[in-house]
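**Student:** Sharing model24.csv, CSV, C-alpha atoms:
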```csv
chain,number,residue,atom,x,y,z
A,1,MET,CA,-5.8,-5.7,-13.6
A,2,VAL,CA,-2.4,-4.2,-14.3
A,3,PRO,CA,-2.0,-4.9,-18.0
A,4,LYS,CA,1.8,-5.0,-18.2
A,5,VAL,CA,4.4,-6.3,-15.7
A,6,VAL,CA,8.1,-6.9,-16.1
A,7,PHE,CA,9.9,-9.1,-13.4
A,8,GLY,CA,13.5,-9.9,-12.9
A,9,LYS,CA,16.8,-8.8,-11.3
A,10,GLY,CA,18.1,-5.7,-13.1
A,11,SER,CA,14.9,-5.1,-14.9
A,12,PHE,CA,14.8,-1.5,-13.6
A,13,ASN,CA,17.6,-0.8,-16.1
A,14,GLN,CA,15.1,-1.3,-18.9
A,15,ILE,CA,12.9,1.5,-17.8
A,16,GLY,CA,13.8,3.8,-20.7
A,17,GLU,CA,12.8,1.4,-23.4
A,18,ILE,CA,9.8,0.2,-21.5
A,19,ILE,CA,8.1,3.6,-21.3
A,20,ALA,CA,9.5,5.1,-24.6
A,21,CYS,CA,6.3,4.1,-26.6
A,22,GLU,CA,4.2,6.1,-24.2
A,23,ARG,CA,6.0,9.4,-24.6
A,24,LYS,CA,3.7,12.1,-26.1
A,25,GLY,CA,5.8,14.7,-28.0
A,26,VAL,CA,7.5,17.1,-25.6
A,27,ALA,CA,5.3,16.2,-22.7
A,28,PRO,CA,7.6,15.1,-19.8
A,29,PHE,CA,7.7,12.0,-17.7
A,30,ILE,CA,7.7,12.9,-14.0
A,31,TYR,CA,9.5,10.5,-11.6
A,32,LEU,CA,8.1,10.7,-8.1
A,33,ILE,CA,10.8,9.0,-5.9
A,34,ASP,CA,11.0,8.4,-2.2
A,35,SER,CA,13.4,10.9,-0.7
A,36,VAL,CA,15.2,8.1,1.2
A,37,PHE,CA,17.1,7.6,-2.1
A,38,GLU,CA,18.0,11.3,-2.6
A,39,ASN,CA,21.5,10.9,-1.2
A,40,ASP,CA,22.3,7.6,-3.0
A,41,THR,CA,21.9,8.7,-6.6
A,42,SER,CA,23.8,5.6,-8.0
A,43,PHE,CA,21.0,3.3,-6.7
A,44,ILE,CA,18.1,4.9,-8.6
A,45,GLU,CA,18.6,8.4,-10.1
A,46,ASP,CA,21.7,7.7,-12.1
A,47,ARG,CA,20.0,4.8,-13.8
A,48,ILE,CA,17.1,6.8,-15.1
A,49,PRO,CA,17.5,8.1,-18.7
A,50,LEU,CA,16.0,11.5,-18.6
A,51,SER,CA,14.9,13.4,-21.7
A,52,THR,CA,14.9,17.2,-22.0
A,53,ALA,CA,11.8,18.1,-20.0
A,54,ASP,CA,11.6,15.0,-17.7
A,55,GLU,CA,11.9,15.7,-14.0
A,56,ILE,CA,12.7,13.8,-10.9
A,57,VAL,CA,10.8,14.9,-7.8
A,58,TYR,CA,11.8,13.5,-4.4
A,59,VAL,CA,9.0,13.2,-1.9
A,60,SER,CA,9.2,12.5,1.8
A,61,THR,CA,7.2,9.6,3.1
A,62,ALA,CA,7.9,10.4,6.7
A,63,GLU,CA,4.1,10.7,6.9
A,64,GLU,CA,1.5,8.7,5.0
A,65,PRO,CA,0.3,10.3,1.8
A,66,LYS,CA,-2.4,13.0,2.2
A,67,THR,CA,-5.0,14.4,-0.2
A,68,SER,CA,-3.5,17.8,0.4
A,69,GLN,CA,0.0,16.5,-0.7
A,70,VAL,CA,-1.5,15.1,-3.9
A,71,ASP,CA,-3.3,18.4,-4.6
A,72,GLU,CA,0.0,20.3,-4.1
A,73,ILE,CA,2.0,18.1,-6.5
A,74,VAL,CA,-0.7,18.2,-9.2
A,75,SER,CA,-1.0,22.0,-8.9
A,76,LYS,CA,2.7,22.5,-9.2
A,77,LEU,CA,2.9,20.2,-12.3
A,78,LYS,CA,0.1,22.0,-14.0
A,79,LYS,CA,1.8,25.3,-13.3
A,80,ASP,CA,5.3,24.2,-14.3
A,81,TYR,CA,4.4,22.5,-17.6
A,82,GLN,CA,2.4,23.6,-20.6
A,83,TYR,CA,1.3,20.0,-21.3
A,84,ILE,CA,-0.1,17.2,-19.1
A,85,PRO,CA,2.8,14.8,-18.5
A,86,SER,CA,3.3,11.8,-20.7
A,87,GLY,CA,3.3,9.7,-17.5
A,88,ILE,CA,4.0,9.5,-13.8
A,89,ILE,CA,6.5,7.0,-12.6
A,90,GLY,CA,6.4,6.2,-8.9
A,91,ILE,CA,9.4,4.6,-7.2
A,92,GLY,CA,9.3,3.6,-3.6
A,93,GLY,CA,7.2,1.8,-1.0
A,94,GLY,CA,3.4,1.6,-0.7
A,95,SER,CA,3.1,5.3,0.3
A,96,MET,CA,5.0,6.4,-2.8
A,97,LEU,CA,3.1,4.1,-5.1
A,98,ASP,CA,-0.2,5.3,-3.7
A,99,LEU,CA,0.8,8.9,-4.0
A,100,SER,CA,1.8,8.3,-7.7
A,101,LYS,CA,-1.4,6.7,-8.6
A,102,ALA,CA,-3.4,9.5,-7.0
A,103,VAL,CA,-1.3,12.2,-8.9
A,104,ALA,CA,-1.9,10.4,-12.2
A,105,ILE,CA,-5.7,10.4,-11.5
A,106,MET,CA,-5.9,14.0,-10.4
A,107,LEU,CA,-4.0,15.3,-13.5
A,108,THR,CA,-7.1,14.4,-15.5
A,109,ASN,CA,-9.9,15.0,-13.0
A,110,THR,CA,-11.1,18.2,-11.5
A,111,GLY,CA,-11.3,19.3,-7.8
A,112,SER,CA,-9.4,17.8,-4.9
A,113,ALA,CA,-8.2,14.3,-4.3
A,114,ALA,CA,-10.5,14.3,-1.2
A,115,ASP,CA,-13.5,14.4,-3.6
A,116,TYR,CA,-12.6,11.0,-4.9
A,117,GLN,CA,-12.1,9.1,-1.6
A,118,GLY,CA,-14.5,6.2,-1.9
A,119,TRP,CA,-15.6,3.6,-4.4
A,120,ASP,CA,-15.8,4.3,-8.2
A,121,LEU,CA,-16.0,8.1,-8.1
A,122,VAL,CA,-13.3,8.8,-10.7
A,123,LYS,CA,-14.7,9.9,-14.0
A,124,ASN,CA,-11.7,10.3,-16.3
A,125,LYS,CA,-8.9,7.9,-17.2
A,126,ALA,CA,-5.6,8.7,-15.4
A,127,VAL,CA,-2.5,9.6,-17.3
A,128,PHE,CA,-0.1,6.7,-18.0
A,129,HIS,CA,1.5,5.6,-14.7
A,130,VAL,CA,4.2,3.2,-13.8
A,131,GLY,CA,4.9,1.6,-10.4
A,132,ILE,CA,8.3,0.4,-9.3
A,133,PRO,CA,8.3,-0.9,-5.7
A,134,THR,CA,11.5,-0.7,-3.6
A,135,ILE,CA,9.9,-2.6,-0.7
A,136,SER,CA,7.5,-5.4,-0.9
A,137,GLY,CA,4.3,-6.4,1.0
A,138,THR,CA,1.8,-3.6,0.6
A,139,GLY,CA,0.4,-4.9,-2.7
A,140,ALA,CA,0.1,-1.2,-3.8
A,141,GLU,CA,1.8,-2.1,-7.0
A,142,VAL,CA,-1.2,-4.2,-8.1
A,143,SER,CA,-4.2,-2.8,-6.2
A,144,ARG,CA,-7.1,-0.7,-7.5
A,145,THR,CA,-6.9,1.7,-4.6
A,146,THR,CA,-4.6,4.6,-3.5
A,147,VAL,CA,-5.0,5.1,0.3
A,148,LEU,CA,-4.9,8.7,1.4
A,149,THR,CA,-5.5,10.6,4.6
A,150,GLY,CA,-8.0,13.4,3.8
A,151,PRO,CA,-9.5,16.2,5.9
A,152,GLU,CA,-12.3,13.9,7.1
A,153,ARG,CA,-11.1,10.4,6.8
A,154,LYS,CA,-8.4,7.9,5.7
A,155,LEU,CA,-9.8,6.2,2.7
A,156,GLY,CA,-8.7,5.0,-0.7
A,157,ILE,CA,-9.5,6.3,-4.2
A,158,ASN,CA,-10.9,2.9,-5.3
A,159,SER,CA,-11.5,2.8,-9.0
A,160,ASP,CA,-10.9,1.0,-12.3
A,161,PHE,CA,-8.6,3.9,-13.3
A,162,THR,CA,-6.3,3.6,-10.2
A,163,PRO,CA,-4.2,0.5,-11.1
A,164,PHE,CA,-0.8,1.1,-12.7
A,165,ASP,CA,-0.5,0.7,-16.5
A,166,GLN,CA,2.9,-0.8,-16.1
A,167,VAL,CA,4.8,-2.3,-13.1
A,168,ILE,CA,8.5,-3.2,-13.0
A,169,LEU,CA,9.3,-5.8,-10.3
A,170,ASP,CA,13.1,-5.8,-9.7
A,171,PRO,CA,14.1,-7.8,-6.6
A,172,GLU,CA,17.4,-6.0,-6.5
A,173,LEU,CA,15.6,-2.8,-5.4
A,174,ILE,CA,14.5,-4.3,-2.1
A,175,LYS,CA,17.8,-5.8,-1.0
A,176,ASP,CA,18.8,-3.1,1.5
A,177,VAL,CA,15.4,-2.6,3.3
A,178,PRO,CA,16.0,-2.4,7.2
A,179,LYS,CA,14.9,-5.6,9.0
A,180,ASP,CA,12.0,-4.1,11.0
A,181,GLN,CA,10.6,-2.3,8.0
A,182,TRP,CA,11.0,-5.5,5.9
A,183,PHE,CA,9.0,-7.4,8.6
A,184,TYR,CA,6.2,-4.9,9.0
A,185,THR,CA,5.6,-4.5,5.3
A,186,GLY,CA,5.9,-8.2,4.8
A,187,MET,CA,3.3,-8.7,7.5
A,188,ASP,CA,1.0,-6.3,5.6
A,189,CYS,CA,1.0,-8.9,2.9
A,190,TYR,CA,0.4,-11.7,5.4
A,191,ILE,CA,-2.5,-9.9,7.0
A,192,HIS,CA,-4.0,-9.2,3.5
A,193,CYS,CA,-4.0,-13.0,3.0
A,194,VAL,CA,-5.6,-13.8,6.3
A,195,GLU,CA,-8.3,-11.2,6.0
A,196,SER,CA,-9.1,-12.1,2.4
A,197,LEU,CA,-9.2,-15.9,3.0
A,198,ASP,CA,-11.3,-15.6,6.2
A,199,GLY,CA,-13.7,-13.1,4.6
A,200,THR,CA,-17.2,-13.4,3.4
A,201,TYR,CA,-16.3,-11.8,0.0
A,202,LEU,CA,-14.0,-14.7,-0.8
A,203,ASN,CA,-14.3,-16.3,-4.2
A,204,ALA,CA,-12.2,-18.8,-6.2
A,205,PHE,CA,-10.3,-16.1,-8.0
A,206,SER,CA,-9.1,-14.2,-4.9
A,207,GLN,CA,-8.7,-17.5,-3.0
A,208,SER,CA,-6.2,-18.9,-5.5
A,209,TYR,CA,-4.0,-15.7,-5.2
A,210,GLY,CA,-4.4,-15.5,-1.4
A,211,GLU,CA,-3.4,-19.1,-0.8
A,212,LYS,CA,-0.3,-18.8,-2.9
A,213,ALA,CA,0.7,-15.5,-1.1
A,214,LEU,CA,0.1,-17.1,2.3
A,215,ASP,CA,2.3,-20.1,1.4
A,216,LEU,CA,5.1,-17.8,0.2
A,217,CYS,CA,4.8,-15.7,3.5
A,218,LYS,CA,5.2,-18.8,5.6
A,219,GLU,CA,8.2,-19.9,3.5
A,220,ILE,CA,9.8,-16.5,3.8
A,221,PHE,CA,9.1,-15.7,7.5
A,222,LEU,CA,9.0,-19.1,9.2
A,223,GLU,CA,11.8,-21.1,7.4
A,224,ASN,CA,15.5,-20.4,7.1
A,225,ASP,CA,16.6,-22.2,4.0
A,226,LEU,CA,16.3,-19.3,1.5
A,227,SER,CA,19.1,-17.1,0.4
A,228,LYS,CA,18.5,-13.3,0.8
A,229,SER,CA,18.1,-12.9,-3.0
A,230,GLU,CA,15.6,-15.8,-3.1
A,231,ALA,CA,13.6,-14.5,-0.2
A,232,ASP,CA,13.5,-11.0,-1.8
A,233,ALA,CA,12.2,-12.4,-5.1
A,234,LYS,CA,9.6,-14.5,-3.4
A,235,LEU,CA,8.4,-11.6,-1.2
A,236,MET,CA,8.0,-9.5,-4.3
A,237,MET,CA,5.7,-12.2,-5.7
A,238,ALA,CA,3.9,-12.7,-2.4
A,239,SER,CA,3.1,-9.0,-2.3
A,240,TRP,CA,1.8,-9.2,-5.9
A,241,HIS,CA,-0.4,-12.2,-5.2
A,242,GLY,CA,-1.6,-10.8,-1.8
A,243,GLY,CA,-2.6,-7.5,-3.6
A,244,MET,CA,-4.4,-9.5,-6.3
A,245,SER,CA,-6.3,-11.4,-3.6
A,246,ILE,CA,-7.7,-8.3,-1.9
A,247,ALA,CA,-8.4,-6.6,-5.3
A,248,TYR,CA,-11.0,-9.3,-5.9
A,249,SER,CA,-12.3,-9.6,-2.3
A,250,GLN,CA,-11.5,-7.2,0.6
A,251,VAL,CA,-9.5,-6.8,3.8
A,252,GLY,CA,-10.9,-6.8,7.3
A,253,VAL,CA,-10.7,-5.8,10.9
A,254,ALA,CA,-7.0,-5.1,11.2
A,255,HIS,CA,-6.9,-2.8,8.2
A,256,ALA,CA,-10.1,-1.0,9.3
A,257,MET,CA,-8.7,-0.3,12.8
A,258,SER,CA,-5.2,0.6,11.6
A,259,TYR,CA,-6.8,3.3,9.3
A,260,GLY,CA,-8.2,4.8,12.5
A,261,LEU,CA,-4.8,4.7,14.2
A,262,ALA,CA,-3.1,6.3,11.2
A,263,TYR,CA,-5.7,9.1,10.9
A,264,VAL,CA,-5.4,10.1,14.6
A,265,LEU,CA,-1.8,9.2,15.5
A,266,GLY,CA,-0.1,9.1,12.1
A,267,THR,CA,0.9,5.4,12.7
A,268,LYS,CA,2.5,4.0,9.5
A,269,HIS,CA,0.4,1.4,7.8
A,270,GLY,CA,2.6,-1.7,8.1
A,271,ILE,CA,3.5,-1.3,11.7
A,272,GLY,CA,-0.1,-0.2,12.5
A,273,ASN,CA,-1.5,-3.4,11.0
A,274,CYS,CA,1.0,-5.4,13.1
A,275,ILE,CA,0.1,-3.6,16.4
A,276,VAL,CA,-3.6,-4.1,15.8
A,277,PHE,CA,-3.5,-7.7,14.4
A,278,ASP,CA,-1.5,-8.9,17.4
A,279,LYS,CA,-4.6,-8.2,19.5
A,280,LEU,CA,-7.2,-9.8,17.1
A,281,GLY,CA,-7.1,-13.4,18.2
A,282,LYS,CA,-10.8,-13.4,18.7
A,283,TYR,CA,-11.4,-12.6,15.0
A,284,TYR,CA,-8.5,-14.4,13.4
A,285,PRO,CA,-7.3,-17.1,15.9
A,286,GLU,CA,-5.1,-19.2,13.6
A,287,GLY,CA,-3.8,-16.2,11.7
A,288,VAL,CA,-2.7,-14.3,14.8
A,289,ALA,CA,-1.1,-17.5,16.3
A,290,VAL,CA,1.1,-17.8,13.2
A,291,PHE,CA,1.8,-14.1,13.3
A,292,LYS,CA,3.1,-14.4,16.8
A,293,LYS,CA,5.4,-17.2,15.8
A,294,MET,CA,6.8,-15.1,12.9
A,295,LYS,CA,7.3,-12.2,15.3
A,296,GLU,CA,9.2,-14.4,17.8
A,297,TYR,CA,11.2,-16.1,15.0
A,298,HIS,CA,12.6,-12.8,13.8
A,299,GLY,CA,13.0,-11.2,17.3
A,300,ILE,CA,10.5,-8.4,16.5
A,301,ASN,CA,9.2,-6.3,19.5
A,302,LEU,CA,6.1,-4.3,18.7
A,303,PRO,CA,5.7,-0.8,20.2
A,304,GLU,CA,3.5,-0.9,23.3
A,305,GLY,CA,1.3,1.7,24.9
A,306,ILE,CA,0.8,3.7,21.7
A,307,CYS,CA,-2.8,4.5,22.8
A,308,ALA,CA,-1.9,5.1,26.5
A,309,ASP,CA,-2.5,8.8,26.3
A,310,VAL,CA,-5.3,9.1,23.7
A,311,THR,CA,-8.3,11.2,24.8
A,312,GLU,CA,-11.9,10.1,24.6
A,313,GLU,CA,-12.3,12.5,21.6
A,314,GLN,CA,-9.4,10.8,19.8
A,315,LEU,CA,-10.9,7.4,20.5
A,316,ASN,CA,-14.2,8.6,19.1
A,317,ILE,CA,-12.5,9.8,15.9
A,318,MET,CA,-10.5,6.5,15.6
A,319,THR,CA,-13.7,4.4,15.9
A,320,ASN,CA,-15.6,6.6,13.5
A,321,VAL,CA,-12.9,6.3,10.8
A,322,ALA,CA,-12.7,2.5,11.3
A,323,LEU,CA,-16.5,1.9,11.4
A,324,GLY,CA,-16.9,4.1,8.3
A,325,LEU,CA,-15.1,1.4,6.2
A,326,GLU,CA,-18.3,-0.7,5.8
A,327,PRO,CA,-17.1,-3.1,3.0
A,328,LEU,CA,-14.2,-4.2,5.3
A,329,TRP,CA,-16.5,-5.0,8.2
A,330,GLU,CA,-19.0,-6.8,5.9
A,331,ASN,CA,-16.1,-8.9,4.5
A,332,ALA,CA,-14.8,-9.7,8.0
A,333,LEU,CA,-18.1,-10.3,9.9
A,334,GLY,CA,-20.9,-10.7,7.3
A,335,ALA,CA,-23.9,-8.6,6.2
A,336,ASP,CA,-25.1,-8.3,9.8
A,337,TRP,CA,-21.7,-6.9,11.1
A,338,LYS,CA,-23.4,-4.0,12.9
A,339,THR,CA,-24.9,-6.5,15.3
A,340,LYS,CA,-21.4,-7.9,16.1
A,341,VAL,CA,-19.2,-4.8,16.5
A,342,ASN,CA,-19.7,-1.2,17.7
A,343,ALA,CA,-17.7,1.8,19.0
A,344,ASP,CA,-17.4,0.4,22.5
A,345,VAL,CA,-15.9,-2.9,21.3
A,346,LEU,CA,-13.4,-1.0,19.1
A,347,LYS,CA,-12.5,1.4,21.9
A,348,GLU,CA,-11.6,-1.5,24.2
A,349,ILE,CA,-9.3,-2.9,21.5
A,350,TYR,CA,-7.7,0.5,20.9
A,351,ARG,CA,-7.1,1.0,24.6
A,352,SER,CA,-5.3,-2.4,24.8
A,353,LEU,CA,-2.7,-1.3,22.2
```
Hey, can you dump this file as structure tokens for me?

**Tutor:**
Amino acid sequence: MVPKVVFGKGSFNQIGEIIACERKGVAPFIYLIDSVFENDTSFIEDRIPLSTADEIVYVSTAEEPKTSQVDEIVSKLKKDYQYIPSGIIGIGGGSMLDLSKAVAIMLTNTGSAADYQGWDLVKNKAVFHVGIPTISGTGAEVSRTTVLTGPERKLGINSDFTPFDQVILDPELIKDVPKDQWFYTGMDCYIHCVESLDGTYLNAFSQSYGEKALDLCKEIFLENDLSKSEADAKLMMASWHGGMSIAYSQVGVAHAMSYGLAYVLGTKHGIGNCIVFDKLGKYYPEGVAVFKKMKEYHGINLPEGICADVTEEQLNIMTNVALGLEPLWENALGADWKTKVNADVLKEIYRSL
């Protein structure tokens, strides 16, 4: 579990004192920040108290994080600095938080980030790392995985060394998220809950978090009596609880299939989950019905025909990536999942997108 978390409006302003005790001599803190904030320095950059060697690095999240991108950042930091950084502070959405977790891991582990895609492959403790979300729903701020697209697959570095050492949850940081993105990322949280609560891995611990997150999602996305600031604070907590729920169980069909979409077409995670989940009434009838209500309530039109021009070879890659995520399928369909789903079944769903 994340050992330390601070929550509250304006808590981002405390970052200097929060991380001060982790500074190791002249070793710098490196801030990895989503480049969407590069032209609005007053919102993030101007509020960060930099010491001499500390550095802000803006990173584009136009594409989902790649193992090659992690390797490139780690290589540059090792070249630029004599000492391993005191810590990595990730500021942004799920992609930025995942990238930061991966960089923190690879600063103390040899080889490429691609070598650690899987479960419990990391040998050495990561450097101190902090997560500060500026959009809520992914659960990346609390999860034990960092999802990366590698040369062969899209798969997380799932390990006990992955979770952040410190998280700062400041609802003010998510106030200006565009509506479509707010919805897609919020639905990532909702889908986490549905897949966790309907799964065979479910236990009382993950269930308690999943049920609370699901209730919060319904309050935020199906009711209209919350102020914007109240909704932002509740969504931040829904994301946290949803992430905790899957940390102790697993996700399911929508996530497995959206990984395939992302690997081949580069579809972003939140919107990819929504596009797939919309077609999964056979697997999650109640969850999909409520999702369609939320979609209608907020006037969201999902992209159609995204797989209209995919080749048979691309379909094969998509299905191989999706079916390679065995824990997700076992959670969704049980230990005998291979008797219930195969490449042909998935290709039919992909073609319908």

**Student:** To one decimal place, how far is atom CA of A:Met96 from atom CA of A:Tyr248 in Å?

**Tutor:** 22.6 Å

**Student:** Hey, which of A:Lys123, A:His129, A:Lys154, A:Lys78 ends up closest to A:Phe29? Count all atoms listed in the file.

**Tutor:**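 Nearest candidate to A:Phe29 out of A:Lys123, A:His129, A:Lys154, A:Lys78: A:His129.
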
**Student:** Which residue out of A:Asn331, A:Asn320, A:Ser352, A:Thr61 has the minimum interatomic distance to A:Val264 when all atoms listed in the file are used?

**Tutor:**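 Smallest distance to A:Val264 is found for A:Asn320.
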
**Student:** Leaving out A:Leu222 and any residue of its chain fewer than 6 positions from it, which residues lie within 9 Å of it when counting all atoms listed in the file, given as a PyMOL selection string?

**Tutor:** chain A and resi 290+293-294+297-298

**Student:** Restricting the calculation to all atoms listed in the file: of A:Met236, A:Val130, A:Ile84, A:Gln117, which residue gets closest to A:Phe7?

**Tutor:**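 Using all atoms listed in the file, A:Phe7 sits closest to A:Met236.
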
**Student:** Could you tell me which of A:Ala231, A:Ile33, A:Ile44, A:Leu346 comes closest to A:Tyr58 if we count only C-alpha atoms?

**Tutor:**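 Closest to A:Tyr58 of all the choices is A:Ile33.
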
**Student:** Give me, as JSON lines, the closest atom pair and its distance (Å, one decimal) for every residue of stretch 286-342 of chain A within a cut-off of 12 Å of stretch 173-182 of chain A, counting only C-alpha atoms, rows sorted by chain and rising number.

**Tutor:**
```
{"residue": "A:Lys295", "atom": "CA", "partner": "A:Asp180", "partner_atom": "CA", "distance": 10.3}
{"residue": "A:His298", "atom": "CA", "partner": "A:Lys179", "partner_atom": "CA", "distance": 9.0}
{"residue": "A:Gly299", "atom": "CA", "partner": "A:Asp180", "partner_atom": "CA", "distance": 9.5}
{"residue": "A:Ile300", "atom": "CA", "partner": "A:Asp180", "partner_atom": "CA", "distance": 7.1}
{"residue": "A:Asn301", "atom": "CA", "partner": "A:Asp180", "partner_atom": "CA", "distance": 9.2}
{"residue": "A:Leu302", "atom": "CA", "partner": "A:Asp180", "partner_atom": "CA", "distance": 9.7}
{"residue": "A:Pro303", "atom": "CA", "partner": "A:Asp180", "partner_atom": "CA", "distance": 11.6}
```

**Student:** I need the residue nearest A:Phe128 from this list: A:Ile89, A:Leu32, A:Leu155, A:Val70. Use only C-alpha atoms for the distance.

**Tutor:**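 For A:Phe128, the nearest of the candidates is A:Ile89.
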
**Student:** When you count all atoms listed in the file, which of these residues is closest to A:Tyr184: A:Lys24, A:His269, A:Lys4, A:Lys76?

**Tutor:**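 Among A:Lys24, A:His269, A:Lys4, A:Lys76, it is A:His269 that comes nearest to A:Tyr184.
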
**Student:** Excluding stretch 131-136 of chain A and residues on its chain fewer than 6 positions from it, collect all residues at most 7 Å away from it, counting all atoms listed in the file, and give them as a count of residues only.

**Tutor:** 19

**Student:** Kindly extract all protein, DNA and RNA residues lying within 8 Å of the coordinates (-4.9, -1.9, -5.0) given in the file, considering only C-alpha atoms, and supply them as a VMD selection string.

**Tutor:** chain A and resid 139 to 146 158 162 to 163 243 to 244 246 to 247

**Student:** Because the input lacks atoms here, generate N, CA and C atoms for stretch 186-203 of chain A and report them as a PDB file, keeping the file's coordinate frame.

**Tutor:**
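Contents of part-v5.pdb, freshly written:
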```
ATOM      1  N   GLY A 186       6.188  -6.854   5.105  1.00  0.00           N
ATOM      2  CA  GLY A 186       5.900  -8.200   4.800  1.00  0.00           C
ATOM      3  C   GLY A 186       4.633  -8.738   5.472  1.00  0.00           C
ATOM      4  N   MET A 187       4.460  -8.308   6.709  1.00  0.00           N
ATOM      5  CA  MET A 187       3.300  -8.700   7.500  1.00  0.00           C
ATOM      6  C   MET A 187       1.998  -8.050   6.935  1.00  0.00           C
ATOM      7  N   ASP A 188       2.144  -6.895   6.298  1.00  0.00           N
ATOM      8  CA  ASP A 188       1.000  -6.300   5.600  1.00  0.00           C
ATOM      9  C   ASP A 188       0.454  -7.285   4.588  1.00  0.00           C
ATOM     10  N   CYS A 189       1.380  -7.907   3.854  1.00  0.00           N
ATOM     11  CA  CYS A 189       1.000  -8.900   2.900  1.00  0.00           C
ATOM     12  C   CYS A 189       0.353 -10.124   3.553  1.00  0.00           C
ATOM     13  N   TYR A 190       0.978 -10.589   4.628  1.00  0.00           N
ATOM     14  CA  TYR A 190       0.400 -11.700   5.400  1.00  0.00           C
ATOM     15  C   TYR A 190      -0.978 -11.453   5.865  1.00  0.00           C
ATOM     16  N   ILE A 191      -1.175 -10.264   6.414  1.00  0.00           N
ATOM     17  CA  ILE A 191      -2.500  -9.900   7.000  1.00  0.00           C
ATOM     18  C   ILE A 191      -3.517  -9.754   5.831  1.00  0.00           C
ATOM     19  N   HIS A 192      -3.088  -9.233   4.662  1.00  0.00           N
ATOM     20  CA  HIS A 192      -4.000  -9.200   3.500  1.00  0.00           C
ATOM     21  C   HIS A 192      -4.532 -10.623   3.245  1.00  0.00           C
ATOM     22  N   CYS A 193      -3.636 -11.600   3.260  1.00  0.00           N
ATOM     23  CA  CYS A 193      -4.000 -13.000   3.000  1.00  0.00           C
ATOM     24  C   CYS A 193      -5.021 -13.519   3.977  1.00  0.00           C
ATOM     25  N   VAL A 194      -4.707 -13.337   5.252  1.00  0.00           N
ATOM     26  CA  VAL A 194      -5.600 -13.800   6.300  1.00  0.00           C
ATOM     27  C   VAL A 194      -6.964 -13.205   6.221  1.00  0.00           C
ATOM     28  N   GLU A 195      -7.003 -11.884   6.047  1.00  0.00           N
ATOM     29  CA  GLU A 195      -8.300 -11.200   6.000  1.00  0.00           C
ATOM     30  C   GLU A 195      -9.091 -11.541   4.763  1.00  0.00           C
ATOM     31  N   SER A 196      -8.403 -11.738   3.657  1.00  0.00           N
ATOM     32  CA  SER A 196      -9.100 -12.100   2.400  1.00  0.00           C
ATOM     33  C   SER A 196      -9.624 -13.548   2.521  1.00  0.00           C
ATOM     34  N   LEU A 197      -8.773 -14.478   2.966  1.00  0.00           N
ATOM     35  CA  LEU A 197      -9.200 -15.900   3.000  1.00  0.00           C
ATOM     36  C   LEU A 197     -10.209 -16.201   4.069  1.00  0.00           C
ATOM     37  N   ASP A 198     -10.267 -15.370   5.125  1.00  0.00           N
ATOM     38  CA  ASP A 198     -11.300 -15.600   6.200  1.00  0.00           C
ATOM     39  C   ASP A 198     -12.543 -14.776   5.941  1.00  0.00           C
ATOM     40  N   GLY A 199     -12.592 -14.035   4.827  1.00  0.00           N
ATOM     41  CA  GLY A 199     -13.700 -13.100   4.600  1.00  0.00           C
ATOM     42  C   GLY A 199     -14.887 -13.664   3.892  1.00  0.00           C
ATOM     43  N   THR A 200     -16.008 -12.976   4.036  1.00  0.00           N
ATOM     44  CA  THR A 200     -17.200 -13.400   3.400  1.00  0.00           C
ATOM     45  C   THR A 200     -17.256 -13.050   1.892  1.00  0.00           C
ATOM     46  N   TYR A 201     -16.351 -12.168   1.456  1.00  0.00           N
ATOM     47  CA  TYR A 201     -16.300 -11.800   0.000  1.00  0.00           C
ATOM     48  C   TYR A 201     -15.473 -12.793  -0.788  1.00  0.00           C
ATOM     49  N   LEU A 202     -14.901 -13.789  -0.129  1.00  0.00           N
ATOM     50  CA  LEU A 202     -14.000 -14.700  -0.800  1.00  0.00           C
ATOM     51  C   LEU A 202     -14.623 -15.412  -1.982  1.00  0.00           C
ATOM     52  N   ASN A 203     -13.865 -15.519  -3.052  1.00  0.00           N
ATOM     53  CA  ASN A 203     -14.300 -16.300  -4.200  1.00  0.00           C
ATOM     54  C   ASN A 203     -13.083 -17.053  -4.741  1.00  0.00           C
TER      55      ASN A 203
END
```
